[in-house]
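Coordinates from run_33.cif are shown below (mmCIF, C-alpha atoms; chains and numbers go by the auth columns).
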```
data_data
#
loop_
_atom_site.group_PDB
_atom_site.id
_atom_site.type_symbol
_atom_site.label_atom_id
_atom_site.label_comp_id
_atom_site.label_asym_id
_atom_site.label_seq_id
_atom_site.Cartn_x
_atom_site.Cartn_y
_atom_site.Cartn_z
_atom_site.B_iso_or_equiv
_atom_site.auth_seq_id
_atom_site.auth_asym_id
ATOM 1 C CA MET A 1 24.756 13.188 83.264 0.00 255 A
ATOM 2 C CA GLN A 2 21.389 14.575 82.203 0.00 256 A
ATOM 3 C CA VAL A 3 20.345 16.678 79.242 0.00 257 A
ATOM 4 C CA ARG A 4 17.662 19.148 80.247 0.00 258 A
ATOM 5 C CA LEU A 5 15.435 20.477 77.479 0.00 259 A
ATOM 6 C CA LEU A 6 12.541 22.081 79.353 0.00 260 A
ATOM 7 C CA GLY A 7 13.615 25.582 80.279 0.00 261 A
ATOM 8 C CA PRO A 8 17.228 26.335 79.428 0.00 262 A
ATOM 9 C CA VAL A 9 18.953 23.594 77.421 0.00 263 A
ATOM 10 C CA GLU A 10 21.804 22.349 79.578 0.00 264 A
ATOM 11 C CA LEU A 11 24.023 19.478 80.574 0.00 265 A
ATOM 12 C CA TRP A 12 23.443 18.655 84.229 0.00 266 A
ATOM 13 C CA ASP A 13 25.862 16.531 86.245 0.00 267 A
ATOM 14 C CA GLY A 14 23.514 16.121 89.217 0.00 268 A
ATOM 15 C CA ALA A 15 24.877 19.068 91.160 0.00 269 A
ATOM 16 C CA VAL A 16 25.557 21.883 88.695 0.00 270 A
ATOM 17 C CA SER A 17 24.941 22.895 85.118 0.00 271 A
ATOM 18 C CA VAL A 18 27.938 22.257 82.871 0.00 272 A
ATOM 19 C CA PRO A 19 28.657 25.445 80.880 0.00 273 A
ATOM 20 C CA ILE A 20 28.316 25.218 77.093 0.00 274 A
ATOM 21 C CA GLY A 21 27.901 27.953 74.504 0.00 275 A
ATOM 22 C CA PRO A 22 24.616 28.918 72.841 0.00 276 A
ATOM 23 C CA ARG A 23 25.327 27.221 69.510 0.00 277 A
ATOM 24 C CA ALA A 24 26.480 24.048 71.295 0.00 278 A
ATOM 25 C CA ARG A 25 23.180 24.123 73.226 0.00 279 A
ATOM 26 C CA ALA A 26 21.299 24.200 69.904 0.00 280 A
ATOM 27 C CA VAL A 27 23.300 21.214 68.635 0.00 281 A
ATOM 28 C CA LEU A 28 22.742 19.387 71.943 0.00 282 A
ATOM 29 C CA ALA A 29 18.991 19.978 71.700 0.00 283 A
ATOM 30 C CA ALA A 30 18.905 18.678 68.117 0.00 284 A
ATOM 31 C CA LEU A 31 20.802 15.548 69.154 0.00 285 A
ATOM 32 C CA ALA A 32 18.730 14.995 72.308 0.00 286 A
ATOM 33 C CA LEU A 33 15.447 15.145 70.424 0.00 287 A
ATOM 34 C CA ASP A 34 16.364 11.957 68.587 0.00 288 A
ATOM 35 C CA PRO A 35 18.354 9.852 71.108 0.00 289 A
ATOM 36 C CA GLY A 36 20.253 6.818 69.934 0.00 290 A
ATOM 37 C CA ARG A 37 20.268 7.901 66.303 0.00 291 A
ATOM 38 C CA VAL A 38 23.109 9.198 64.193 0.00 292 A
ATOM 39 C CA ARG A 39 22.429 12.727 62.946 0.00 293 A
ATOM 40 C CA SER A 40 24.177 13.958 59.811 0.00 294 A
ATOM 41 C CA VAL A 41 26.033 17.251 59.793 0.00 295 A
ATOM 42 C CA ASP A 42 23.540 18.514 57.198 0.00 296 A
ATOM 43 C CA ARG A 43 20.643 17.694 59.512 0.00 297 A
ATOM 44 C CA LEU A 44 22.332 19.487 62.422 0.00 298 A
ATOM 45 C CA ILE A 45 23.017 22.515 60.218 0.00 299 A
ATOM 46 C CA GLU A 46 19.336 22.604 59.278 0.00 300 A
ATOM 47 C CA ALA A 47 18.332 22.362 62.948 0.00 301 A
ATOM 48 C CA VAL A 48 20.649 25.191 64.013 0.00 302 A
ATOM 49 C CA TRP A 49 20.393 27.671 61.128 0.00 303 A
ATOM 50 C CA GLY A 50 17.541 26.546 58.898 0.00 304 A
ATOM 51 C CA GLU A 51 17.977 27.783 55.342 0.00 305 A
ATOM 52 C CA ARG A 52 20.341 30.627 56.338 0.00 306 A
ATOM 53 C CA ALA A 53 23.414 28.578 57.200 0.00 307 A
ATOM 54 C CA PRO A 54 26.774 30.343 56.876 0.00 308 A
ATOM 55 C CA THR A 55 29.487 28.942 54.641 0.00 309 A
ATOM 56 C CA THR A 56 31.371 27.922 57.803 0.00 310 A
ATOM 57 C CA ALA A 57 28.439 25.887 59.171 0.00 311 A
ATOM 58 C CA THR A 58 30.132 22.483 58.845 0.00 312 A
ATOM 59 C CA ALA A 59 33.206 23.656 60.750 0.00 313 A
ATOM 60 C CA GLN A 60 31.015 25.294 63.396 0.00 314 A
ATOM 61 C CA ILE A 61 29.004 22.097 63.911 0.00 315 A
ATOM 62 C CA GLN A 62 32.236 20.125 64.260 0.00 316 A
ATOM 63 C CA ALA A 63 33.496 22.636 66.840 0.00 317 A
ATOM 64 C CA CYS A 64 30.221 22.395 68.774 0.00 318 A
ATOM 65 C CA VAL A 65 30.320 18.595 68.855 0.00 319 A
ATOM 66 C CA SER A 66 33.918 18.751 70.060 0.00 320 A
ATOM 67 C CA ALA A 67 32.945 21.223 72.797 0.00 321 A
ATOM 68 C CA LEU A 68 30.054 18.986 73.868 0.00 322 A
ATOM 69 C CA ARG A 69 32.353 15.980 74.089 0.00 323 A
ATOM 70 C CA ARG A 70 34.823 17.959 76.227 0.00 324 A
ATOM 71 C CA ALA A 71 32.032 19.207 78.503 0.00 325 A
ATOM 72 C CA TRP A 72 30.670 15.693 78.877 0.00 326 A
ATOM 73 C CA ARG A 73 34.120 14.331 79.835 0.00 327 A
ATOM 74 C CA LEU A 74 34.716 17.158 82.329 0.00 328 A
ATOM 75 C CA ALA A 75 31.408 16.471 84.031 0.00 329 A
ATOM 76 C CA ASP A 76 32.102 12.758 84.525 0.00 330 A
#
```
Turn this file's structure into structure tokens for me.
Amino acid sequence: MQVRLLGPVELWDGAVSVPIGPRARAVLAALALDPGRVRSVDRLIEAVWGERAPTTATAQIQACVSALRRAWRLAD
């Protein structure tokens, strides 16, 4: 599995791009920019929304991480 950041942000399984939503792509990019490190939810919220985060931002980040995990498992 590859994470591609130049051009469209995507998960690539070697043959096809694994579909993920636009917000999940933003979370993936934030995580991929600092590989091997734990990123806090607050840091991910800042990366995705900046100072204009909605009140549901924590739940949305959790949903994105869950979607990324599912996509990663499906691609394996």
Original post:
For this file, the PyMOL selection byres ((chain A and resi 311) around 12) selects which residues, as a ChimeraX atom specification?
Top reply: /A:277,281,295-310,312-318
Range 258-268 of chain A surroundings by only C-alpha atoms, 10 Å radius, close-in-sequence under 5 positions cut, as a compact mmCIF listing (two decimals) with C-alpha atoms, in the frame of the given file:
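Listing of around_38.txt after writing:
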```txt
# COMPACT_ATOMS: atom_id res chain seq x y z
CA PRO A 273 28.66 25.44 80.88
CA ILE A 274 28.32 25.22 77.09
CA GLY A 275 27.90 27.95 74.50
CA PRO A 276 24.62 28.92 72.84
CA ALA A 278 26.48 24.05 71.30
CA ARG A 279 23.18 24.12 73.23
CA ALA A 280 21.30 24.20 69.90
CA LEU A 282 22.74 19.39 71.94
CA ALA A 283 18.99 19.98 71.70
CA ALA A 286 18.73 15.00 72.31
CA LEU A 287 15.45 15.14 70.42
CA LEU A 322 30.05 18.99 73.87
CA ALA A 325 32.03 19.21 78.50
CA TRP A 326 30.67 15.69 78.88
CA LEU A 328 34.72 17.16 82.33
CA ALA A 329 31.41 16.47 84.03
CA ASP A 330 32.10 12.76 84.52
```
Provide an axis-aligned box for all listed atoms of range 310-320 of chain A, padding each side by 3 Å; report its centre and its edge lengths in Å to one decimal, as JSON.
```
{"center_x": 31.2, "center_y": 23.3, "center_z": 63.9, "size_x": 11.5, "size_y": 15.3, "size_z": 18.3}
```
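You will find CA of Ser271 in chain A at 14.2 Å from CA of Arg324 in chain A.
Between Val272 in chain A and the candidates A:Pro289, A:Gln256, A:Ser320, A:Ala284, the tightest atom-to-atom separation, counting all atoms listed in the file, involves A:Gln256.
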